[in-house]
>>> print(open('work00.txt').read())   # compact mmCIF, C-alpha atoms and all ligand atoms
# COMPACT_ATOMS: atom_id res chain seq x y z
CA MET A 1 6.44 15.53 9.59
CA GLU A 2 3.84 16.76 7.17
CA PHE A 3 0.14 16.47 7.85
CA VAL A 4 -2.82 17.76 5.84
CA LYS A 5 -6.21 18.75 7.19
CA THR A 6 -9.18 20.60 5.71
CA ALA A 7 -10.46 23.88 7.13
CA LYS A 8 -14.06 24.77 6.25
CA ILE A 9 -15.25 28.37 6.35
CA GLN A 10 -18.10 30.45 4.99
CA ILE A 11 -17.24 33.31 2.61
CA HIS A 12 -19.34 36.41 1.99
CA PRO A 13 -18.97 37.90 -1.51
CA ASN A 14 -20.84 41.20 -1.94
CA ASN A 15 -23.87 41.39 -4.25
CA ASP A 16 -21.87 42.43 -7.33
CA ASP A 17 -19.41 39.62 -6.90
CA ILE A 18 -21.90 36.83 -6.29
CA GLN A 19 -22.72 36.53 -10.01
CA LEU A 20 -19.05 36.67 -11.03
CA LEU A 21 -18.22 33.90 -8.62
CA LEU A 22 -21.23 31.77 -9.54
CA ASN A 23 -20.59 32.12 -13.28
CA SER A 24 -17.01 30.95 -12.85
CA MET A 25 -18.11 28.05 -10.68
CA ARG A 26 -20.72 27.02 -13.28
CA ALA A 27 -18.14 27.21 -16.05
CA TYR A 28 -15.84 25.10 -13.91
CA SER A 29 -18.41 22.36 -13.27
CA ASP A 30 -19.55 22.38 -16.92
CA ALA A 31 -15.90 21.98 -17.91
CA CYS A 32 -15.64 19.08 -15.43
CA THR A 33 -18.62 17.35 -17.06
CA PHE A 34 -16.99 17.82 -20.49
CA VAL A 35 -13.71 16.25 -19.30
CA SER A 36 -15.74 13.52 -17.58
CA GLU A 37 -17.32 12.62 -20.95
CA TYR A 38 -13.84 12.17 -22.42
CA ILE A 39 -12.62 10.07 -19.49
CA PHE A 40 -15.78 7.98 -19.30
CA THR A 41 -15.47 6.85 -22.94
CA THR A 42 -11.67 6.51 -23.15
CA LYS A 43 -10.98 5.30 -19.57
CA ASP A 44 -7.90 7.50 -19.78
CA LEU A 45 -6.80 8.55 -16.26
CA ASN A 46 -3.41 9.99 -17.10
CA GLN A 47 -3.14 13.71 -16.24
CA VAL A 48 -0.79 14.56 -19.15
CA SER A 49 -2.76 12.66 -21.73
CA VAL A 50 -6.23 13.86 -20.62
CA GLN A 51 -4.91 17.42 -20.58
CA LYS A 52 -3.54 17.03 -24.09
CA HIS A 53 -6.96 15.96 -25.42
CA THR A 54 -9.11 18.51 -23.59
CA TYR A 55 -6.95 21.57 -22.92
CA ASN A 56 -7.73 23.63 -26.05
CA LYS A 57 -11.46 23.28 -25.63
CA LEU A 58 -11.23 24.14 -21.92
CA ARG A 59 -9.38 27.33 -22.84
CA ASP A 60 -11.36 28.37 -25.95
CA GLU A 61 -14.87 27.25 -25.21
CA TYR A 62 -15.07 27.35 -21.43
CA LYS A 63 -12.72 30.36 -21.25
CA LEU A 64 -10.83 28.93 -18.30
CA PRO A 65 -7.44 30.35 -17.34
CA SER A 66 -4.60 27.90 -17.86
CA GLN A 67 -4.18 26.96 -14.19
CA MET A 68 -7.89 26.33 -13.78
CA ALA A 69 -8.00 24.13 -16.88
CA CYS A 70 -5.37 21.91 -15.25
CA ASN A 71 -7.36 21.87 -12.01
CA VAL A 72 -10.49 20.72 -13.89
CA VAL A 73 -8.58 17.73 -15.27
CA ARG A 74 -7.20 16.94 -11.81
CA THR A 75 -10.67 17.20 -10.21
CA VAL A 76 -12.27 14.79 -12.66
CA ILE A 77 -9.43 12.25 -12.59
CA GLY A 78 -9.71 12.42 -8.79
CA SER A 79 -13.43 11.55 -8.86
CA TYR A 80 -12.89 8.51 -11.10
CA LYS A 81 -9.96 7.30 -9.01
CA THR A 82 -11.96 7.65 -5.78
CA ASN A 83 -14.79 5.59 -7.26
CA LYS A 84 -12.24 2.98 -8.28
CA THR A 85 -10.68 2.66 -4.80
CA ASN A 86 -14.18 2.46 -3.32
CA GLY A 87 -14.81 -0.58 -5.48
CA MET A 88 -17.55 1.10 -7.52
CA ASN A 89 -18.41 0.24 -11.10
CA TRP A 90 -17.26 2.43 -13.98
CA ILE A 91 -20.03 5.06 -13.90
CA PHE A 92 -20.26 8.51 -15.45
CA CYS A 93 -19.38 11.33 -13.00
CA LYS A 94 -21.65 14.37 -13.32
CA TYR A 95 -20.92 17.82 -11.94
CA ASN A 96 -24.27 19.49 -11.44
CA ALA A 97 -23.47 21.68 -8.47
CA PRO A 98 -21.42 24.80 -9.18
CA GLN A 99 -17.94 24.39 -7.72
CA MET A 100 -14.37 25.42 -8.30
CA THR A 101 -11.00 24.08 -7.20
CA LEU A 102 -8.27 26.65 -6.69
CA SER A 103 -4.50 26.58 -6.42
CA TRP A 104 -2.91 28.60 -3.64
CA ASN A 105 -1.25 31.85 -4.77
CA ARG A 106 -2.38 31.37 -8.38
CA ASP A 107 -6.19 31.22 -8.25
CA TYR A 108 -6.65 32.33 -4.67
CA SER A 109 -4.99 33.81 -1.64
CA ILE A 110 -6.15 34.51 1.86
CA ASN A 111 -5.02 36.79 4.67
CA LYS A 112 -6.53 37.68 8.04
CA ASP A 113 -8.92 40.18 6.38
CA LYS A 114 -9.93 38.92 2.95
CA PHE A 115 -10.20 35.94 0.71
CA SER A 116 -9.13 36.81 -2.83
CA VAL A 117 -10.08 34.70 -5.84
CA GLY A 118 -9.69 34.88 -9.61
CA THR A 119 -12.94 34.64 -11.61
CA LEU A 120 -13.37 34.47 -15.39
CA ASN A 121 -13.89 38.26 -15.27
CA GLY A 122 -11.17 39.42 -12.93
CA ARG A 123 -10.23 39.06 -9.32
CA ILE A 124 -12.64 39.60 -6.42
CA LYS A 125 -12.04 39.98 -2.71
CA CYS A 126 -14.48 38.97 -0.04
CA ASN A 127 -14.95 38.79 3.70
CA TYR A 128 -15.04 35.45 5.42
CA ASP A 129 -15.57 33.94 8.89
CA ILE A 130 -12.12 33.77 10.39
CA LYS A 131 -13.16 31.77 13.46
CA GLY A 132 -11.02 28.63 13.69
CA MET A 133 -8.67 29.88 10.96
CA GLU A 134 -6.44 32.19 13.04
CA GLN A 135 -3.80 29.58 13.89
CA TYR A 136 -3.15 28.72 10.22
CA PHE A 137 -1.56 32.09 9.52
CA ASP A 138 1.44 30.99 11.57
CA LYS A 139 3.70 30.40 8.57
CA SER A 140 6.38 28.51 10.51
CA THR A 141 3.90 25.68 11.14
CA TYR A 142 1.19 25.83 8.48
CA SER A 143 0.93 26.36 4.75
CA PHE A 144 -2.13 26.50 2.48
CA GLY A 145 -2.79 24.04 -0.34
CA THR A 146 -5.64 23.74 -2.84
CA ALA A 147 -9.06 25.11 -1.91
CA LYS A 148 -12.53 24.28 -3.14
CA VAL A 149 -15.41 26.75 -3.36
CA VAL A 150 -18.78 25.13 -2.76
CA TYR A 151 -22.25 26.65 -3.18
CA LYS A 152 -24.93 25.22 -0.90
CA HIS A 153 -28.31 26.56 0.24
CA ASP A 154 -27.53 29.99 -1.28
CA LYS A 155 -24.30 30.21 0.69
CA PHE A 156 -20.65 30.01 -0.34
CA PHE A 157 -18.18 27.85 1.51
CA LEU A 158 -14.47 27.38 1.16
CA HIS A 159 -12.71 24.11 1.95
CA ILE A 160 -9.00 24.83 2.27
CA SER A 161 -6.43 22.11 2.72
CA VAL A 162 -3.85 23.13 5.27
CA LYS A 163 -0.46 21.47 5.52
CA MET A 164 1.00 21.27 8.99
CA ASN A 165 4.72 21.06 9.56
CA ILE A 166 5.59 20.11 13.13
CA SER A 167 8.58 18.08 14.20
CA GLU A 168 7.26 14.83 15.59
CA LEU A 169 7.91 13.76 19.18
CA SER A 170 11.05 11.61 19.17
CA ASP A 171 11.00 8.16 20.78
CA ALA A 172 13.69 9.23 23.24
CA ASN A 173 11.33 11.89 24.65
CA VAL A 174 8.35 9.61 25.22
CA THR A 175 7.30 9.70 28.90
CA ASN A 176 3.90 8.00 28.77
CA VAL A 177 2.42 5.09 26.80
CA VAL A 178 -1.28 4.33 26.17
CA GLY A 179 -2.82 1.51 24.16
CA HIS A 180 -6.19 2.11 22.46
CA ASP A 181 -8.26 -0.82 21.32
CA ARG A 182 -11.10 0.00 18.93
CA GLY A 183 -14.30 -2.01 18.90
CA ILE A 184 -18.06 -2.04 18.62
CA ARG A 185 -19.17 -2.50 22.26
CA PHE A 186 -16.69 0.16 23.31
CA LEU A 187 -15.57 2.53 20.58
CA VAL A 188 -12.25 2.79 22.33
CA SER A 189 -10.80 1.02 25.39
CA SER A 190 -7.59 2.58 26.66
CA TYR A 191 -4.90 1.25 28.97
CA GLY A 192 -1.93 3.38 29.99
CA SER A 193 1.26 3.69 32.00
CA ASN A 194 -0.75 4.68 35.09
CA GLY A 195 -2.46 1.27 35.04
CA LYS A 196 -5.91 2.78 34.52
CA THR A 197 -8.45 1.67 31.94
CA ALA A 198 -10.83 4.09 30.22
CA PHE A 199 -13.81 3.12 28.07
CA TYR A 200 -15.71 5.14 25.49
CA SER A 201 -19.07 3.47 25.14
CA GLY A 202 -20.30 2.36 21.75
CA ASN A 203 -23.96 2.10 22.76
CA ILE A 204 -25.17 5.38 21.31
CA VAL A 205 -23.37 4.68 18.06
CA LYS A 206 -24.79 1.19 17.86
CA GLN A 207 -28.34 2.43 18.47
CA LYS A 208 -28.11 5.30 16.04
CA ARG A 209 -26.51 3.10 13.36
CA GLY A 210 -29.41 0.72 13.78
CA HIS A 211 -31.82 3.62 13.40
CA TYR A 212 -30.14 4.80 10.16
CA LYS A 213 -30.07 1.25 8.84
CA ALA A 214 -33.81 0.76 9.40
CA LEU A 215 -34.54 4.10 7.78
CA ARG A 216 -32.45 3.20 4.73
CA LYS A 217 -34.21 -0.13 4.41
CA GLN A 218 -37.64 1.51 4.42
CA LEU A 219 -36.57 4.00 1.77
CA GLN A 220 -35.02 1.28 -0.37
CA GLN A 221 -38.37 -0.50 -0.45
CA VAL A 222 -40.04 2.68 -1.71
CA GLY A 223 -37.49 2.77 -4.54
CA THR A 224 -38.42 6.13 -6.10
CA PRO A 225 -35.80 8.68 -7.29
CA SER A 226 -36.65 10.94 -4.37
CA SER A 227 -36.28 8.11 -1.86
CA ARG A 228 -32.87 7.33 -3.36
CA LYS A 229 -31.96 10.97 -2.88
CA ARG A 230 -33.06 10.73 0.75
CA ILE A 231 -30.88 7.64 1.24
CA LYS A 232 -27.88 9.57 -0.01
CA ALA A 233 -28.66 12.51 2.28
CA ILE A 234 -29.00 10.20 5.26
CA GLY A 235 -25.65 8.63 4.43
CA GLN A 236 -24.02 12.05 4.38
CA ARG A 237 -25.64 13.00 7.68
CA GLU A 238 -24.43 9.75 9.21
CA ASN A 239 -20.88 10.44 7.99
CA ARG A 240 -20.86 13.91 9.51
CA TRP A 241 -22.18 12.53 12.75
CA ILE A 242 -19.44 9.88 12.93
CA GLN A 243 -16.84 12.54 12.19
CA ASP A 244 -18.17 14.59 15.12
CA ILE A 245 -17.92 11.60 17.45
CA ASN A 246 -14.38 10.87 16.27
CA HIS A 247 -13.49 14.51 16.82
CA CYS A 248 -14.72 14.30 20.44
CA ILE A 249 -13.01 10.97 21.18
CA SER A 250 -9.65 11.98 19.69
CA LYS A 251 -9.82 15.28 21.58
CA ALA A 252 -10.52 13.43 24.85
CA LEU A 253 -7.69 10.94 24.23
CA VAL A 254 -5.18 13.70 23.54
CA GLU A 255 -6.28 16.02 26.33
CA SER A 256 -6.42 13.31 29.00
CA ASN A 257 -2.76 12.48 28.38
CA PRO A 258 0.38 14.57 28.99
CA LYS A 259 2.86 15.91 26.47
CA GLY A 260 5.29 13.12 25.54
CA THR A 261 2.56 10.47 25.22
CA LEU A 262 2.89 7.61 22.76
CA HIS A 263 -0.53 6.39 21.56
CA VAL A 264 -0.56 2.80 20.31
CA LEU A 265 -3.25 1.70 17.84
CA GLU A 266 -3.84 -1.46 15.90
CA ASP A 267 -2.74 -1.24 12.28
CA LEU A 268 -6.01 -1.99 10.52
CA SER A 269 -4.79 -1.16 7.00
CA GLY A 270 -4.87 -4.86 6.13
CA ILE A 271 -8.52 -5.01 7.17
CA ARG A 272 -9.28 -1.91 5.14
CA THR A 273 -7.92 -3.50 1.98
CA ALA A 274 -9.85 -6.67 2.62
CA THR A 275 -13.13 -4.75 2.70
CA GLU A 276 -12.43 -2.46 -0.22
CA ALA A 277 -13.87 -4.94 -2.69
CA VAL A 278 -17.13 -5.06 -0.72
CA LYS A 279 -20.05 -2.95 -1.88
CA VAL A 280 -19.92 0.69 -0.82
CA HIS A 281 -23.06 0.54 1.27
CA ASP A 282 -21.77 -2.40 3.21
CA ARG A 283 -21.49 -1.87 6.93
CA TYR A 284 -17.89 -3.08 7.03
CA VAL A 285 -16.71 -0.32 4.76
CA MET A 286 -18.45 2.11 7.06
CA VAL A 287 -16.74 0.70 10.13
CA SER A 288 -13.27 0.67 8.57
CA TRP A 289 -13.81 4.16 7.21
CA SER A 290 -14.73 5.47 10.67
CA TYR A 291 -11.65 3.79 12.20
CA TYR A 292 -9.47 5.41 9.61
CA ASP A 293 -11.10 8.77 10.26
CA LEU A 294 -10.49 8.45 14.01
CA GLU A 295 -6.87 7.51 13.36
CA GLN A 296 -6.33 10.61 11.19
CA LYS A 297 -7.93 12.92 13.74
CA LEU A 298 -5.93 11.43 16.60
CA MET A 299 -2.70 11.75 14.59
CA TYR A 300 -2.97 15.44 13.91
CA LYS A 301 -4.27 16.32 17.37
CA ALA A 302 -1.39 14.32 18.91
CA LEU A 303 1.10 16.20 16.72
CA GLU A 304 -0.29 19.55 17.84
CA HIS A 305 0.01 18.46 21.50
CA GLY A 306 3.56 17.09 21.43
CA GLN A 307 2.36 13.48 21.38
CA LYS A 308 2.55 10.79 18.73
CA VAL A 309 0.73 7.77 17.34
CA ILE A 310 2.15 4.44 16.21
CA LYS A 311 0.34 1.50 14.67
CA VAL A 312 1.29 -2.07 15.48
CA ASP A 313 0.49 -5.54 14.15
CA PRO A 314 -3.07 -6.28 15.34
CA ARG A 315 -2.74 -10.09 15.35
CA TYR A 316 -3.61 -11.91 18.59
CA THR A 317 -4.14 -8.69 20.58
CA SER A 318 -7.39 -10.06 21.98
CA GLN A 319 -6.11 -13.61 22.61
CA THR A 320 -2.76 -12.89 24.25
CA CYS A 321 -2.38 -12.87 28.02
CA PRO A 322 -1.02 -9.43 28.95
CA LYS A 323 0.70 -10.94 32.03
CA CYS A 324 2.53 -14.00 30.67
CA GLY A 325 2.25 -13.61 26.90
CA HIS A 326 0.46 -16.95 26.39
CA VAL A 327 -1.63 -17.00 23.17
CA GLU A 328 -4.74 -19.13 22.95
CA ALA A 329 -8.07 -18.45 21.26
CA CYS A 330 -10.05 -19.97 24.15
CA ASN A 331 -8.38 -17.56 26.60
CA ARG A 332 -11.27 -15.35 25.71
CA ASP A 333 -14.90 -15.99 26.61
CA LYS A 334 -16.65 -13.67 24.19
CA VAL A 335 -20.15 -14.31 25.47
CA ASN A 336 -19.45 -13.36 29.07
CA HIS A 337 -16.74 -10.81 28.19
CA ILE A 338 -14.22 -12.54 30.41
CA PHE A 339 -10.59 -13.21 29.68
CA TYR A 340 -9.08 -16.15 31.53
CA CYS A 341 -5.49 -17.22 30.84
CA LYS A 342 -5.15 -21.00 30.51
CA ASN A 343 -1.44 -20.73 31.38
CA CYS A 344 -1.09 -18.39 34.37
CA GLY A 345 -4.70 -18.01 35.48
CA TYR A 346 -4.85 -14.24 34.96
CA LYS A 347 -8.47 -13.11 34.83
CA SER A 348 -9.95 -9.84 33.62
CA ASN A 349 -12.76 -8.11 31.74
CA ASP A 350 -12.00 -8.97 28.08
CA ASP A 351 -12.60 -5.43 26.79
CA ARG A 352 -9.39 -4.18 28.38
CA ILE A 353 -7.16 -7.05 27.18
CA GLY A 354 -6.69 -5.59 23.69
CA ALA A 355 -5.71 -2.22 25.12
CA MET A 356 -3.31 -3.83 27.63
CA ASN A 357 -1.60 -5.77 24.85
CA LEU A 358 -1.32 -2.68 22.68
CA TYR A 359 0.23 -0.90 25.66
CA ARG A 360 2.71 -3.76 26.00
CA LYS A 361 3.54 -3.56 22.26
CA GLY A 362 4.15 0.17 22.71
CA ILE A 363 6.67 -0.54 25.51
CA GLU A 364 8.36 -3.18 23.30
CA TYR A 365 8.52 -0.68 20.46
CA LEU A 366 10.26 1.84 22.74
CA VAL A 367 12.75 -0.71 24.08
CA GLU A 368 13.66 -1.68 20.51
CA SER A 369 13.94 1.90 19.39
CA GLN A 370 16.20 2.73 22.41
CA SER A 371 18.49 -0.22 21.75
CA SER A 372 18.81 0.70 18.08
CA ILE A 373 19.81 4.23 19.16
CA SER A 374 22.47 2.94 21.58
CA GLU A 375 23.89 0.64 18.89
CA LEU A 376 24.64 3.64 16.66
ZN ZN B 1 -1.18 -15.69 31.31
>>> encode(input="work00.txt", output="structure tokens")
Amino acid sequence: MEFVKTAKIQIHPNNDDIQLLLNSMRAYSDACTFVSEYIFTTKDLNQVSVQKHTYNKLRDEYKLPSQMACNVVRTVIGSYKTNKTNGMNWIFCKYNAPQMTLSWNRDYSINKDKFSVGTLNGRIKCNYDIKGMEQYFDKSTYSFGTAKVVYKHDKFFLHISVKMNISELSDANVTNVVGHDRGIRFLVSSYGSNGKTAFYSGNIVKQKRGHYKALRKQLQQVGTPSSRKRIKAIGQRENRWIQDINHCISKALVESNPKGTLHVLEDLSGIRTATEAVKVHDRYVMVSWSYYDLEQKLMYKALEHGQKVIKVDPRYTSQTCPKCGHVEACNRDKVNHIFYCKNCGYKSNDDRIGAMNLYRKGIEYLVESQSSISEL
């Protein structure tokens, strides 16, 4: 199974090379703005066609090497497509900050000592912070993809996409099943083979979200360009903060379970699509985005730990009795957080019901997968 993640490191070009690198990055972002002008007016998002109309100028005027010219086109098409999937209007994408996207082995390479990159005036090699990168040099498991050089606060950073190739845990080798229900009151409620329930409280997140929301509202009322800039910065800080939380939760979920664990999540892709049309700043987009982020983090951490993740149909998971399977909306008393089965009388805290049902769906999935193996 293939999985892609992004490694972020700081690079340290020496004084002579700083200008070379910066000049190339400026040329790259200027070239992006040029291609963006073409795309903005023509609405052309086809790689071949955009390349055909812009390539000569990218080579002659911006002096970009051939590979980099193609990367520029790819970068800009990517920005417009991202805006489109986020439900944003057709707006002009500007590239003010110096940046550069690089193809592995053509524009850049990296080994345990140096990061090597092609500039418009020859190749340079620089030191970088290897911490956290060591594992990716294991070629049997990882391979490098495109990388992006970013310049921020007088520092250079490299975002490298790393492809991970690990054979996924097979269903026949699953020895433990855990269901994880995601929510607002508890970020995650888990129920597993050992019959135990674990909760990851959502209180801090709820409070802090409220704090960010109030701050945004105040700034919106001010309505100046600088307040709009602050709103954007706050949004980015909030995103990073959610990513940190998701990192911690997924780590805890993976490390508190043995090798051979099957994690069962609700498949919320339907919900994601339903909210895509909603405005970008809408809370629901935020929530679905953070679910998706958690899912991704859990998936790759599970892979690295000999575990796996499946997603199941989310319908009725909070209304179904985990003991007798009876489905009824009024089984659940949302106000008092009590689940009471109208059929068999089973009673429990309602926050664990979703997780118990996901656990049950995980067991059903395994039974089905076993019987399809024995039929072969
Ligand atoms: Zn029941």
>>> axis_aligned_box(input="work00.txt", around="stretch 41-53 of chain A", padding_each_side="6 Å", output="JSON")
{"center_x": -8.1, "center_y": 11.4, "center_z": -20.8, "size_x": 26.7, "size_y": 24.1, "size_z": 21.2}
>>> residues_around(input="work00.txt", residues="stretch 305-308 of chain A", least_positions_apart="4", cutoff="8 Å", atoms="only C-alpha atoms", output="MDAnalysis selection string")
chainID A and resid 168:169 254 258:263 299 301
>>> residues_near_ligand(input="work00.txt", ligand="ligand ZN 1 (chain B)", cutoff="6 Å", atoms="all atoms listed in the file", output="list in words")
Cys321, Lys323, Cys324, Gly325, His326, Cys341, Asn343, Cys344, Gly345 and Tyr346 of chain A
>>> residues_around(input="work00.txt", residues="A:Thr141", least_positions_apart="5", cutoff="12 Å", atoms="all atoms listed in the file", output="JSON, numbers by chain")
{"A": [1, 2, 3, 4, 135, 136, 162, 163, 164, 165, 166, 167, 303, 304]}
>>> residues_around(input="work00.txt", residues="A:Phe92", least_positions_apart="4", cutoff="9 Å", atoms="only C-alpha atoms", output="list of chain:residue names")
A:Ser36, A:Glu37, A:Ile39, A:Phe40, A:Tyr80
>>> atom_distance(input="work00.txt", atom1="atom CA of A:Phe137", atom2="atom CA of A:Gln243")
25.0 Å
>>> residues_around(input="work00.txt", residues="A:Pro314", least_positions_apart="5", cutoff="8 Å", atoms="all atoms listed in the file", output="list in words")
Glu266, Asp267 and Leu268 of chain A
>>> residues_around(input="work00.txt", residues="A:Asp44", least_positions_apart="5", cutoff="12 Å", atoms="all atoms listed in the file", output="list of chain:residue names")
A:Val35, A:Ser36, A:Glu37, A:Tyr38, A:Ile39, A:Ser49, A:Val50, A:Gln51, A:Lys52, A:His53, A:Thr54, A:Val73, A:Val76, A:Ile77, A:Tyr80, A:Lys81
>>> closest_residue(input="work00.txt", among="A:Val149, A:Cys32, A:Ile234, A:Leu64", to="A:Cys93", atoms="all atoms listed in the file")
A:Cys32
>>> residues_near_point(input="work00.txt", point="(-9.2, -11.5, 30.8)", cutoff="6 Å", atoms="all atoms listed in the file", output="ChimeraX atom specification")
/A:338-340,347-350
>>> atom_distance(input="work00.txt", atom1="atom CA of A:Ser256", atom2="atom CA of A:Gln296")
18.0 Å
>>> residues_near_point(input="work00.txt", point="(-7.9, 34.6, -9.4)", cutoff="12 Å", atoms="only C-alpha atoms", output="mmCIF file with C-alpha atoms, keeping the file's coordinate frame")
data_model
loop_
_atom_site.group_PDB
_atom_site.id
_atom_site.type_symbol
_atom_site.label_atom_id
_atom_site.label_comp_id
_atom_site.auth_asym_id
_atom_site.auth_seq_id
_atom_site.Cartn_x
_atom_site.Cartn_y
_atom_site.Cartn_z
ATOM 1 C CA LEU A 20 -19.050 36.670 -11.030
ATOM 2 C CA LEU A 21 -18.220 33.900 -8.620
ATOM 3 C CA SER A 24 -17.010 30.950 -12.850
ATOM 4 C CA LEU A 64 -10.830 28.930 -18.300
ATOM 5 C CA PRO A 65 -7.440 30.350 -17.340
ATOM 6 C CA SER A 66 -4.600 27.900 -17.860
ATOM 7 C CA GLN A 67 -4.180 26.960 -14.190
ATOM 8 C CA MET A 68 -7.890 26.330 -13.780
ATOM 9 C CA MET A 100 -14.370 25.420 -8.300
ATOM 10 C CA THR A 101 -11.000 24.080 -7.200
ATOM 11 C CA LEU A 102 -8.270 26.650 -6.690
ATOM 12 C CA SER A 103 -4.500 26.580 -6.420
ATOM 13 C CA TRP A 104 -2.910 28.600 -3.640
ATOM 14 C CA ASN A 105 -1.250 31.850 -4.770
ATOM 15 C CA ARG A 106 -2.380 31.370 -8.380
ATOM 16 C CA ASP A 107 -6.190 31.220 -8.250
ATOM 17 C CA TYR A 108 -6.650 32.330 -4.670
ATOM 18 C CA SER A 109 -4.990 33.810 -1.640
ATOM 19 C CA ILE A 110 -6.150 34.510 1.860
ATOM 20 C CA PHE A 115 -10.200 35.940 0.710
ATOM 21 C CA SER A 116 -9.130 36.810 -2.830
ATOM 22 C CA VAL A 117 -10.080 34.700 -5.840
ATOM 23 C CA GLY A 118 -9.690 34.880 -9.610
ATOM 24 C CA THR A 119 -12.940 34.640 -11.610
ATOM 25 C CA LEU A 120 -13.370 34.470 -15.390
ATOM 26 C CA ASN A 121 -13.890 38.260 -15.270
ATOM 27 C CA GLY A 122 -11.170 39.420 -12.930
ATOM 28 C CA ARG A 123 -10.230 39.060 -9.320
ATOM 29 C CA ILE A 124 -12.640 39.600 -6.420
ATOM 30 C CA LYS A 125 -12.040 39.980 -2.710
#
>>> atom_distance(input="work00.txt", atom1="atom CA of A:Asp171", atom2="atom CA of A:Gln370")
7.7 Å
>>> closest_residue(input="work00.txt", among="A:Ala147, A:Val174, A:Leu158, A:Val48", to="A:Val367", atoms="only C-alpha atoms")
A:Val174
